[in-house]
>>> print(open('work_38.pdb').read())   # PDB, C-alpha atoms
ATOM      1  CA  MET A   3     -34.908  98.506  28.205
ATOM      2  CA  GLY A   4     -37.461  95.811  28.969
ATOM      3  CA  ASN A   5     -40.813  95.282  27.347
ATOM      4  CA  THR A   6     -42.642  96.570  30.409
ATOM      5  CA  GLU A   7     -40.898  99.953  30.136
ATOM      6  CA  SER A   8     -41.676 100.386  26.423
ATOM      7  CA  ARG A   9     -45.233  99.056  26.485
ATOM      8  CA  SER A  10     -47.811 101.213  24.753
ATOM      9  CA  ALA A  11     -51.151 102.212  26.249
ATOM     10  CA  ARG A  12     -52.913 100.152  23.557
ATOM     11  CA  SER A  13     -51.126  96.946  24.589
ATOM     12  CA  LEU A  14     -51.860  97.726  28.242
ATOM     13  CA  TRP A  15     -55.575  98.020  27.473
ATOM     14  CA  ALA A  16     -55.477  94.734  25.524
ATOM     15  CA  GLN A  17     -53.924  93.062  28.571
ATOM     16  CA  VAL A  18     -56.608  94.536  30.848
ATOM     17  CA  ARG A  19     -59.376  93.272  28.557
ATOM     18  CA  ALA A  20     -57.815  89.809  28.404
ATOM     19  CA  LYS A  21     -57.635  89.690  32.207
ATOM     20  CA  GLN A  22     -61.267  90.750  32.467
ATOM     21  CA  GLY A  23     -62.222  88.022  29.989
ATOM     22  CA  LEU A  24     -60.531  85.392  32.146
ATOM     23  CA  GLN A  25     -62.274  86.759  35.224
ATOM     24  CA  TYR A  26     -65.589  86.573  33.381
ATOM     25  CA  LEU A  27     -65.001  82.948  32.464
ATOM     26  CA  GLY A  28     -63.968  82.181  36.035
ATOM     27  CA  ALA A  29     -67.134  83.736  37.442
ATOM     28  CA  ALA A  30     -69.273  81.883  34.914
ATOM     29  CA  GLY A  31     -67.579  78.612  35.818
ATOM     30  CA  ALA A  32     -68.038  79.229  39.531
ATOM     31  CA  THR A  33     -71.701  80.035  38.916
ATOM     32  CA  ALA A  34     -72.169  76.765  37.041
ATOM     33  CA  LEU A  35     -70.680  74.846  39.971
ATOM     34  CA  VAL A  36     -72.722  76.695  42.572
ATOM     35  CA  SER A  37     -76.047  76.442  40.725
ATOM     36  CA  PRO A  38     -77.014  72.845  41.644
ATOM     37  CA  VAL A  39     -76.014  73.361  45.259
ATOM     38  CA  ALA A  40     -77.968  76.619  45.534
ATOM     39  CA  VAL A  41     -81.108  75.149  43.966
ATOM     40  CA  ILE A  42     -81.127  72.301  46.494
ATOM     41  CA  ALA A  43     -79.839  74.141  49.570
ATOM     42  CA  ILE A  44     -81.960  77.302  49.583
ATOM     43  CA  PRO A  45     -85.364  75.615  50.121
ATOM     44  CA  ILE A  46     -83.885  73.452  52.911
ATOM     45  CA  LEU A  47     -82.186  76.385  54.634
ATOM     46  CA  GLY A  48     -85.311  78.510  54.266
ATOM     47  CA  ALA A  49     -87.492  75.815  55.808
ATOM     48  CA  TYR A  50     -85.083  75.391  58.710
ATOM     49  CA  GLN A  51     -84.702  79.124  59.362
ATOM     50  CA  TYR A  52     -88.382  79.955  59.424
ATOM     51  CA  GLY A  53     -89.293  76.735  61.122
ATOM     52  CA  VAL A  54     -86.962  77.469  64.022
ATOM     53  CA  ASN A  55     -87.694  81.188  64.300
ATOM     54  CA  GLN A  56     -91.453  80.793  63.714
ATOM     55  CA  GLU A  57     -91.645  84.040  61.795
ATOM     56  CA  PHE A  58     -94.934  83.624  59.895
ATOM     57  CA  THR A  59     -97.748  82.006  61.824
ATOM     58  CA  GLY A  60     -95.954  80.958  64.966
ATOM     59  CA  TYR A  61     -96.375  77.264  64.111
ATOM     60  CA  SER A  62     -93.037  75.752  63.113
ATOM     61  CA  CYS A  63     -94.558  73.102  60.825
ATOM     62  CA  VAL A  64     -96.600  75.621  58.811
ATOM     63  CA  ASP A  65     -93.786  78.174  58.710
ATOM     64  CA  GLY A  66     -91.347  75.529  57.483
ATOM     65  CA  GLN A  67     -93.652  74.607  54.608
ATOM     66  CA  TRP A  68     -94.121  78.283  53.644
ATOM     67  CA  ALA A  69     -90.353  78.915  53.756
ATOM     68  CA  GLY A  70     -89.626  75.836  51.703
ATOM     69  CA  LEU A  71     -92.108  76.984  49.060
ATOM     70  CA  LEU A  72     -90.495  80.447  48.925
ATOM     71  CA  GLY A  73     -87.074  78.820  48.694
ATOM     72  CA  VAL A  74     -88.188  76.792  45.688
ATOM     73  CA  VAL A  75     -89.249  80.041  43.979
ATOM     74  CA  LYS A  76     -86.010  81.874  44.861
ATOM     75  CA  SER A  77     -83.507  79.100  44.334
ATOM     76  CA  PRO A  78     -83.344  79.238  40.498
ATOM     77  CA  LEU A  79     -82.491  82.949  40.754
ATOM     78  CA  ALA A  80     -79.660  82.446  43.258
ATOM     79  CA  PRO A  81     -76.992  81.491  40.684
ATOM     80  CA  PHE A  82     -77.756  84.606  38.648
ATOM     81  CA  TYR A  83     -77.502  86.746  41.767
ATOM     82  CA  PHE A  84     -74.146  85.132  42.569
ATOM     83  CA  PHE A  85     -72.908  85.737  39.011
ATOM     84  CA  LEU A  86     -73.943  89.415  38.943
ATOM     85  CA  LYS A  87     -72.443  90.030  42.366
ATOM     86  CA  SER A  88     -69.160  88.456  41.246
ATOM     87  CA  MET A  89     -69.109  90.577  38.100
ATOM     88  CA  ARG A  90     -69.751  93.767  40.045
ATOM     89  CA  LYS A  91     -66.931  93.001  42.463
ATOM     90  CA  MET A  92     -64.394  92.044  39.783
ATOM     91  CA  PHE A  93     -65.070  94.865  37.354
ATOM     92  CA  LYS A  94     -65.464  97.600  39.941
ATOM     93  CA  ASP A  95     -63.280 100.518  38.845
ATOM     94  CA  ARG A  96     -61.007 101.307  41.763
ATOM     95  CA  SER A  97     -59.275 104.182  39.994
ATOM     96  CA  ASP A  98     -61.797 106.607  41.507
ATOM     97  CA  GLU A  99     -60.683 105.798  45.044
ATOM     98  CA  GLY A 100     -59.015 109.011  46.105
ATOM     99  CA  LEU A 101     -55.745 109.526  47.955
ATOM    100  CA  VAL A 102     -55.123 112.253  50.502
ATOM    101  CA  LEU A 103     -52.094 114.514  50.358
ATOM    102  CA  THR A 104     -50.712 113.791  53.819
ATOM    103  CA  GLN A 105     -48.193 115.891  55.719
ATOM    104  CA  GLU A 106     -45.715 113.034  55.357
ATOM    105  CA  TYR A 107     -46.117 113.185  51.557
ATOM    106  CA  VAL A 108     -45.652 116.976  51.597
ATOM    107  CA  ASP A 109     -42.531 116.666  53.760
ATOM    108  CA  ARG A 110     -41.079 114.063  51.418
ATOM    109  CA  ALA A 111     -41.717 116.305  48.390
ATOM    110  CA  ASN A 112     -39.934 119.087  50.249
ATOM    111  CA  HIS A 113     -37.015 116.833  51.099
ATOM    112  CA  ILE A 114     -36.600 115.254  47.637
ATOM    113  CA  LEU A 115     -37.409 118.223  45.381
ATOM    114  CA  ASP A 116     -37.345 121.255  47.652
ATOM    115  CA  LEU A 117     -40.879 121.870  46.410
ATOM    116  CA  ASP A 118     -42.249 125.280  47.355
ATOM    117  CA  PHE A 119     -45.948 124.930  48.174
ATOM    118  CA  ASN A 120     -46.375 128.699  48.161
ATOM    119  CA  CYS A 121     -45.879 128.577  44.372
ATOM    120  CA  HIS A 122     -47.811 126.974  41.511
ATOM    121  CA  ASN A 123     -45.837 123.915  40.398
ATOM    122  CA  ILE A 124     -46.232 122.383  36.926
ATOM    123  CA  ALA A 125     -44.735 118.941  36.246
ATOM    124  CA  ILE A 126     -43.721 118.055  32.661
ATOM    125  CA  VAL A 127     -43.391 114.271  32.353
ATOM    126  CA  GLY A 128     -43.355 111.602  29.651
ATOM    127  CA  SER A 129     -41.189 109.050  27.880
ATOM    128  CA  PRO A 130     -37.684 109.917  26.624
ATOM    129  CA  GLY A 131     -37.423 111.663  23.265
ATOM    130  CA  THR A 132     -40.883 113.227  23.287
ATOM    131  CA  GLY A 133     -39.608 116.810  23.489
ATOM    132  CA  LYS A 134     -40.406 117.542  27.140
ATOM    133  CA  SER A 135     -37.552 120.021  27.601
ATOM    134  CA  SER A 136     -38.499 121.835  24.395
ATOM    135  CA  LEU A 137     -42.054 122.097  25.699
ATOM    136  CA  VAL A 138     -40.715 123.486  28.991
ATOM    137  CA  ASN A 139     -38.898 126.167  26.996
ATOM    138  CA  GLY A 140     -42.090 126.888  25.081
ATOM    139  CA  LEU A 141     -44.033 127.443  28.301
ATOM    140  CA  LEU A 142     -41.296 129.752  29.569
ATOM    141  CA  GLY A 143     -41.063 131.671  26.297
ATOM    142  CA  TYR A 144     -37.478 130.609  25.600
ATOM    143  CA  LYS A 145     -35.981 129.273  22.403
ATOM    144  CA  ASN A 146     -33.896 126.099  22.586
ATOM    145  CA  GLY A 147     -30.333 127.159  23.222
ATOM    146  CA  ASP A 148     -31.180 130.371  25.102
ATOM    147  CA  VAL A 149     -29.096 131.094  28.194
ATOM    148  CA  ASN A 150     -31.941 130.362  30.628
ATOM    149  CA  ALA A 151     -33.547 127.587  28.577
ATOM    150  CA  ALA A 152     -33.722 123.910  29.535
ATOM    151  CA  PRO A 153     -31.028 121.884  27.736
ATOM    152  CA  THR A 154     -32.249 119.849  24.772
ATOM    153  CA  GLY A 155     -30.684 117.296  22.463
ATOM    154  CA  GLU A 156     -31.059 114.060  20.546
ATOM    155  CA  VAL A 157     -30.079 112.021  23.606
ATOM    156  CA  GLN A 158     -31.755 112.327  26.984
ATOM    157  CA  SER A 159     -30.662 115.692  28.368
ATOM    158  CA  THR A 160     -32.626 115.783  31.638
ATOM    159  CA  MET A 161     -31.093 113.411  34.183
ATOM    160  CA  ALA A 162     -32.789 114.796  37.312
ATOM    161  CA  PRO A 163     -35.867 116.932  38.014
ATOM    162  CA  LYS A 164     -35.133 120.615  37.548
ATOM    163  CA  LYS A 165     -37.335 123.627  38.170
ATOM    164  CA  TYR A 166     -37.501 126.802  36.072
ATOM    165  CA  ILE A 167     -39.018 130.031  37.329
ATOM    166  CA  TYR A 168     -41.544 131.535  34.953
ATOM    167  CA  PRO A 169     -40.271 134.894  33.634
ATOM    168  CA  ASN A 170     -41.940 137.859  35.350
ATOM    169  CA  MET A 171     -44.141 135.473  37.384
ATOM    170  CA  GLU A 172     -42.028 134.061  40.187
ATOM    171  CA  SER A 173     -45.002 132.265  41.713
ATOM    172  CA  ILE A 174     -45.034 129.731  38.837
ATOM    173  CA  MET A 175     -42.468 126.926  38.668
ATOM    174  CA  VAL A 176     -42.170 124.707  35.592
ATOM    175  CA  TRP A 177     -40.471 121.376  36.348
ATOM    176  CA  ASP A 178     -38.627 119.359  33.731
ATOM    177  CA  PHE A 179     -38.513 115.649  34.656
ATOM    178  CA  PRO A 180     -36.336 112.844  33.275
ATOM    179  CA  GLY A 181     -37.920 110.508  30.766
ATOM    180  CA  MET A 182     -39.935 107.663  32.242
ATOM    181  CA  GLY A 183     -38.936 104.135  31.303
ATOM    182  CA  THR A 184     -35.135 104.235  31.294
ATOM    183  CA  PRO A 185     -32.765 102.122  33.428
ATOM    184  CA  SER A 186     -31.999 105.234  35.494
ATOM    185  CA  HIS A 187     -35.651 106.247  35.807
ATOM    186  CA  PRO A 188     -37.903 103.165  35.500
ATOM    187  CA  SER A 189     -41.619 103.689  35.016
ATOM    188  CA  LYS A 190     -42.515 101.593  38.039
ATOM    189  CA  GLY A 191     -42.720 103.835  41.074
ATOM    190  CA  PHE A 192     -41.902 107.002  39.090
ATOM    191  CA  PHE A 193     -45.011 108.847  40.322
ATOM    192  CA  ASP A 194     -44.348 108.191  44.001
ATOM    193  CA  ARG A 195     -40.577 108.508  43.698
ATOM    194  CA  TYR A 196     -40.939 112.139  42.653
ATOM    195  CA  CYS A 197     -44.102 112.921  44.642
ATOM    196  CA  LEU A 198     -46.049 113.992  41.553
ATOM    197  CA  GLY A 199     -49.230 114.050  43.610
ATOM    198  CA  ALA A 200     -47.929 117.250  45.247
ATOM    199  CA  PHE A 201     -47.902 119.220  41.964
ATOM    200  CA  ASP A 202     -50.679 121.585  40.902
ATOM    201  CA  VAL A 203     -50.778 120.535  37.234
ATOM    202  CA  ILE A 204     -49.256 117.513  35.486
ATOM    203  CA  ILE A 205     -48.570 117.712  31.749
ATOM    204  CA  ILE A 206     -47.928 114.363  30.050
ATOM    205  CA  VAL A 207     -45.983 114.656  26.805
ATOM    206  CA  PHE A 208     -45.961 111.962  24.106
ATOM    207  CA  SER A 209     -45.228 111.823  20.393
ATOM    208  CA  ASP A 210     -46.322 108.948  18.147
ATOM    209  CA  ARG A 211     -48.167 106.881  20.720
ATOM    210  CA  LEU A 212     -49.440 107.017  24.273
ATOM    211  CA  MET A 213     -47.464 104.781  26.627
ATOM    212  CA  ALA A 214     -48.637 102.596  29.504
ATOM    213  CA  SER A 215     -46.533 104.728  31.868
ATOM    214  CA  ASP A 216     -48.458 107.817  30.681
ATOM    215  CA  ILE A 217     -51.771 106.178  31.534
ATOM    216  CA  HIS A 218     -50.532 105.090  34.955
ATOM    217  CA  THR A 219     -49.297 108.609  35.708
ATOM    218  CA  ALA A 220     -52.636 110.137  34.712
ATOM    219  CA  ARG A 221     -54.661 107.692  36.791
ATOM    220  CA  MET A 222     -52.467 108.279  39.837
ATOM    221  CA  ALA A 223     -52.888 112.035  39.401
ATOM    222  CA  MET A 224     -56.662 111.555  39.293
ATOM    223  CA  LYS A 225     -56.508 109.824  42.669
ATOM    224  CA  TYR A 226     -54.911 112.942  44.105
ATOM    225  CA  ASP A 227     -57.474 115.100  42.282
ATOM    226  CA  LYS A 228     -54.764 116.785  40.216
ATOM    227  CA  PRO A 229     -55.522 118.133  36.711
ATOM    228  CA  VAL A 230     -53.742 116.313  33.878
ATOM    229  CA  LEU A 231     -53.125 117.652  30.379
ATOM    230  CA  PHE A 232     -51.956 115.456  27.500
ATOM    231  CA  VAL A 233     -49.708 116.948  24.828
ATOM    232  CA  ARG A 234     -49.143 115.207  21.509
ATOM    233  CA  ASN A 235     -45.840 116.948  20.825
ATOM    234  CA  GLN A 236     -43.886 117.173  17.545
ATOM    235  CA  SER A 237     -47.188 117.493  15.710
ATOM    236  CA  ASP A 238     -45.639 119.844  13.146
ATOM    237  CA  ARG A 239     -43.349 117.046  11.952
ATOM    238  CA  ALA A 240     -46.271 114.634  11.625
ATOM    239  CA  ILE A 241     -48.330 117.219   9.730
ATOM    240  CA  LYS A 242     -45.495 117.984   7.285
ATOM    241  CA  GLU A 243     -44.990 114.265   6.685
ATOM    242  CA  LYS A 244     -48.670 113.782   5.879
ATOM    243  CA  ILE A 245     -48.615 116.735   3.485
ATOM    244  CA  LYS A 246     -45.535 115.253   1.801
ATOM    245  CA  ARG A 247     -47.199 111.846   1.378
ATOM    246  CA  LYS A 248     -50.294 113.413  -0.138
ATOM    247  CA  ASP A 249     -48.175 115.035  -2.873
ATOM    248  CA  HIS A 250     -50.936 117.366  -4.070
ATOM    249  CA  HIS A 251     -50.689 120.860  -5.488
ATOM    250  CA  GLN A 252     -52.820 122.776  -3.004
ATOM    251  CA  ASP A 253     -51.636 126.115  -1.711
ATOM    252  CA  GLU A 254     -49.794 126.307   1.611
ATOM    253  CA  ILE A 255     -52.837 127.095   3.755
ATOM    254  CA  GLU A 256     -54.969 124.300   2.250
ATOM    255  CA  ALA A 257     -52.107 121.825   2.571
ATOM    256  CA  TRP A 258     -51.600 122.721   6.236
ATOM    257  CA  ALA A 259     -55.329 122.355   6.912
ATOM    258  CA  TYR A 260     -55.248 118.926   5.272
ATOM    259  CA  GLY A 261     -52.282 117.838   7.413
ATOM    260  CA  VAL A 262     -53.902 119.068  10.636
ATOM    261  CA  SER A 263     -57.235 117.356   9.916
ATOM    262  CA  THR A 264     -55.518 114.083   8.957
ATOM    263  CA  LEU A 265     -53.421 114.056  12.132
ATOM    264  CA  THR A 266     -56.469 114.943  14.225
ATOM    265  CA  LEU A 267     -58.421 111.986  12.841
ATOM    266  CA  GLU A 268     -55.445 109.710  13.484
ATOM    267  CA  VAL A 269     -55.134 110.884  17.082
ATOM    268  CA  GLN A 270     -58.862 110.464  17.629
ATOM    269  CA  LYS A 271     -58.605 106.873  16.461
ATOM    270  CA  ARG A 272     -55.447 105.911  18.338
ATOM    271  CA  VAL A 273     -55.367 108.093  21.449
ATOM    272  CA  LEU A 274     -58.818 109.422  22.351
ATOM    273  CA  LYS A 275     -60.279 105.927  22.306
ATOM    274  CA  ILE A 276     -57.701 104.761  24.853
ATOM    275  CA  MET A 277     -58.241 107.838  27.013
ATOM    276  CA  LYS A 278     -61.976 107.181  27.131
ATOM    277  CA  HIS A 279     -61.335 103.572  28.149
ATOM    278  CA  TYR A 280     -59.516 104.860  31.223
ATOM    279  CA  LYS A 281     -62.020 107.667  31.910
ATOM    280  CA  LEU A 282     -59.514 110.397  31.052
ATOM    281  CA  ASP A 283     -60.917 113.713  29.842
ATOM    282  CA  PRO A 284     -60.528 113.853  26.027
ATOM    283  CA  ASN A 285     -60.915 117.643  26.158
ATOM    284  CA  ARG A 286     -57.493 117.838  27.798
ATOM    285  CA  LEU A 287     -55.585 116.513  24.802
ATOM    286  CA  TYR A 288     -53.643 119.011  22.701
ATOM    287  CA  LEU A 289     -51.715 118.739  19.437
ATOM    288  CA  LEU A 290     -48.645 120.955  19.751
ATOM    289  CA  SER A 291     -45.326 121.870  18.254
ATOM    290  CA  ALA A 292     -42.763 122.922  20.877
ATOM    291  CA  PRO A 293     -40.900 125.271  18.443
ATOM    292  CA  THR A 294     -44.219 126.904  17.530
ATOM    293  CA  LEU A 295     -45.056 127.309  21.227
ATOM    294  CA  GLN A 296     -41.618 128.852  21.795
ATOM    295  CA  ASP A 297     -42.255 131.334  19.009
ATOM    296  CA  LEU A 298     -45.767 132.124  20.248
ATOM    297  CA  MET A 299     -44.581 132.795  23.808
ATOM    298  CA  SER A 300     -41.489 134.752  22.834
ATOM    299  CA  GLU A 301     -41.258 138.536  23.210
ATOM    300  CA  SER A 302     -41.474 139.023  19.441
ATOM    301  CA  PRO A 303     -43.551 136.228  17.854
ATOM    302  CA  GLN A 304     -43.798 135.927  14.083
ATOM    303  CA  LYS A 305     -46.962 137.114  12.407
ATOM    304  CA  ASP A 306     -47.522 134.038  10.248
ATOM    305  CA  ILE A 307     -47.241 131.294  12.900
ATOM    306  CA  LYS A 308     -49.040 128.091  11.926
ATOM    307  CA  LEU A 309     -50.873 127.282  15.150
ATOM    308  CA  ILE A 310     -52.529 123.996  16.041
ATOM    309  CA  HIS A 311     -53.628 123.958  19.724
ATOM    310  CA  GLU A 312     -50.768 126.025  21.184
ATOM    311  CA  LYS A 313     -52.846 129.062  22.098
ATOM    312  CA  ILE A 314     -55.734 127.215  23.758
ATOM    313  CA  PHE A 315     -53.215 125.016  25.569
ATOM    314  CA  ILE A 316     -51.519 128.035  27.166
ATOM    315  CA  GLU A 317     -54.894 129.509  28.099
ATOM    316  CA  HIS A 318     -55.963 126.264  29.744
ATOM    317  CA  VAL A 319     -52.715 125.947  31.739
ATOM    318  CA  PHE A 320     -53.050 129.447  33.185
ATOM    319  CA  ASN A 321     -56.767 129.016  33.858
ATOM    320  CA  LEU A 322     -55.909 126.003  36.003
ATOM    321  CA  LEU A 323     -53.318 127.935  37.970
ATOM    322  CA  LEU A 324     -54.755 131.417  38.352
TER     323      LEU A 324
END
>>> encode(input="work_38.pdb", output="structure tokens")
Amino acid sequence: MGNTESRSARSLWAQVRAKQGLQYLGAAGATALVSPVAVIAIPILGAYQYGVNQEFTGYSCVDGQWAGLLGVVKSPLAPFYFFLKSMRKMFKDRSDEGLVLTQEYVDRANHILDLDFNCHNIAIVGSPGTGKSSLVNGLLGYKNGDVNAAPTGEVQSTMAPKKYIYPNMESIMVWDFPGMGTPSHPSKGFFDRYCLGAFDVIIIVFSDRLMASDIHTARMAMKYDKPVLFVRNQSDRAIKEKIKRKDHHQDEIEAWAYGVSTLTLEVQKRVLKIMKHYKLDPNRLYLLSAPTLQDLMSESPQKDIKLIHEKIFIEHVFNLLL
């Protein structure tokens, strides 16, 4: 697996900032070169223009002198105008330029995935090993290993997109996608290859860190005006590890609260900052545990479930669909 496939969102943002810095220096250099020419040329061009067109008094000699005087006043400002215009053009955010769901795109989604547009389709995507299939089972109310559950395992278990019908709600389809960034499923072109712009909701699953492929997927979804939810999965493991490191003697509830707050602060520092850089809604980030979600959505959930964001996540998903 190459470096491009395993690049984190943080390194992607660093690369973007470095590129912008070079563009800034280039614009500044171009402005420095243009400045002497602009200062000399603008009064001459102004005198010629108004002298020929006779736009002030009708006398070319007088109009030329007036235009030359105005050019002298304007010429020192020209380089700054050139610099600001260059900056605006270079740093213009093109991610807001929308894309239309064409009939050709719809037909291709039908051909590749047999996507039923009469149903609500949820896409679960992310890098390998982030627990996407376990999250699919949580949404469906299945436990890993159930007869109708998505297969899970230590190695990548989803090799092709597969849809699962939501129990007792046949109008909702939950799609389990292969991990992005593998030789079989490279990140480049993944969004278009599987026509993700045709889905109603896209859920991006990650674990320790947000990947560059996750950011690209979210920004592409925004172009198609599709809602995106981010799930920091396997949060229960991270919380237990933080409690273990603390090694204090608090009771179970206090220890869990400490672990949740510590992980939340960590995610705010590492993930929310990156999301804001790319204008992604920070209110659509959830800390989850797939096994907890499976228990919550099962027919007989336990009474003492330690919830993080599982309940509000489910509510948000269904509010987007129904």
>>> closest_residue(input="work_38.pdb", among="A:Lys308, A:Lys278, A:His318, A:Lys228", to="Val203 of chain A", atoms="all atoms listed in the file")
A:Lys228
>>> atom_distance(input="work_38.pdb", atom1="atom CA of Met222 of chain A", atom2="atom CA of Gly199 of chain A")
7.6 Å
>>> closest_residue(input="work_38.pdb", among="A:Arg195, A:Asn150, A:Phe232, A:Gly133", to="Ala162 of chain A", atoms="all atoms listed in the file")
A:Arg195
>>> atom_distance(input="work_38.pdb", atom1="atom CA of Val108 of chain A", atom2="atom CA of Val176 of chain A")
18.1 Å
>>> closest_residue(input="work_38.pdb", among="A:Arg286, A:His187, A:Arg110, A:Lys305", to="Ile206 of chain A", atoms="only C-alpha atoms")
A:Arg286
>>> resolve_selection(input="work_38.pdb", expression="the PyMOL selection byres ((chain A and resi 211) around 12)", output="JSON, numbers by chain")
{"A": [8, 9, 10, 11, 12, 13, 128, 129, 132, 206, 207, 208, 209, 210, 212, 213, 214, 215, 216, 217, 232, 233, 234, 235, 236, 237, 268, 269, 270, 271, 272, 273, 274, 276, 277]}
>>> write_last_selection(input="work_38.pdb", atoms="C-alpha atoms", output="compact mmCIF listing (two decimals), keeping the file's coordinate frame")
# COMPACT_ATOMS: atom_id res chain seq x y z
CA SER A 8 -41.68 100.39 26.42
CA ARG A 9 -45.23 99.06 26.48
CA SER A 10 -47.81 101.21 24.75
CA ALA A 11 -51.15 102.21 26.25
CA ARG A 12 -52.91 100.15 23.56
CA SER A 13 -51.13 96.95 24.59
CA GLY A 128 -43.36 111.60 29.65
CA SER A 129 -41.19 109.05 27.88
CA THR A 132 -40.88 113.23 23.29
CA ILE A 206 -47.93 114.36 30.05
CA VAL A 207 -45.98 114.66 26.80
CA PHE A 208 -45.96 111.96 24.11
CA SER A 209 -45.23 111.82 20.39
CA ASP A 210 -46.32 108.95 18.15
CA LEU A 212 -49.44 107.02 24.27
CA MET A 213 -47.46 104.78 26.63
CA ALA A 214 -48.64 102.60 29.50
CA SER A 215 -46.53 104.73 31.87
CA ASP A 216 -48.46 107.82 30.68
CA ILE A 217 -51.77 106.18 31.53
CA PHE A 232 -51.96 115.46 27.50
CA VAL A 233 -49.71 116.95 24.83
CA ARG A 234 -49.14 115.21 21.51
CA ASN A 235 -45.84 116.95 20.82
CA GLN A 236 -43.89 117.17 17.55
CA SER A 237 -47.19 117.49 15.71
CA GLU A 268 -55.44 109.71 13.48
CA VAL A 269 -55.13 110.88 17.08
CA GLN A 270 -58.86 110.46 17.63
CA LYS A 271 -58.60 106.87 16.46
CA ARG A 272 -55.45 105.91 18.34
CA VAL A 273 -55.37 108.09 21.45
CA LEU A 274 -58.82 109.42 22.35
CA ILE A 276 -57.70 104.76 24.85
CA MET A 277 -58.24 107.84 27.01
>>> atom_distance(input="work_38.pdb", atom1="atom CA of Ile307 of chain A", atom2="atom CA of Ala240 of chain A")
16.7 Å
>>> closest_residue(input="work_38.pdb", among="A:Gly143, A:Leu231, A:Lys190, A:Lys242", to="Asn170 of chain A", atoms="only C-alpha atoms")
A:Gly143
>>> residues_around(input="work_38.pdb", residues="segment 116-125 of chain A", least_positions_apart="5", cutoff="7 Å", atoms="all atoms listed in the file", output="JSON, numbers by chain")
{"A": [111, 173, 174, 175, 176, 177, 178, 201, 202, 203, 204, 205, 323]}
>>> closest_residue(input="work_38.pdb", among="A:Met161, A:Leu137, A:Ala151, A:Leu142", to="Leu289 of chain A", atoms="only C-alpha atoms")
A:Leu137
>>> closest_residue(input="work_38.pdb", among="A:Lys165, A:Lys225, A:Thr160, A:Tyr260", to="Thr184 of chain A", atoms="only C-alpha atoms")
A:Thr160
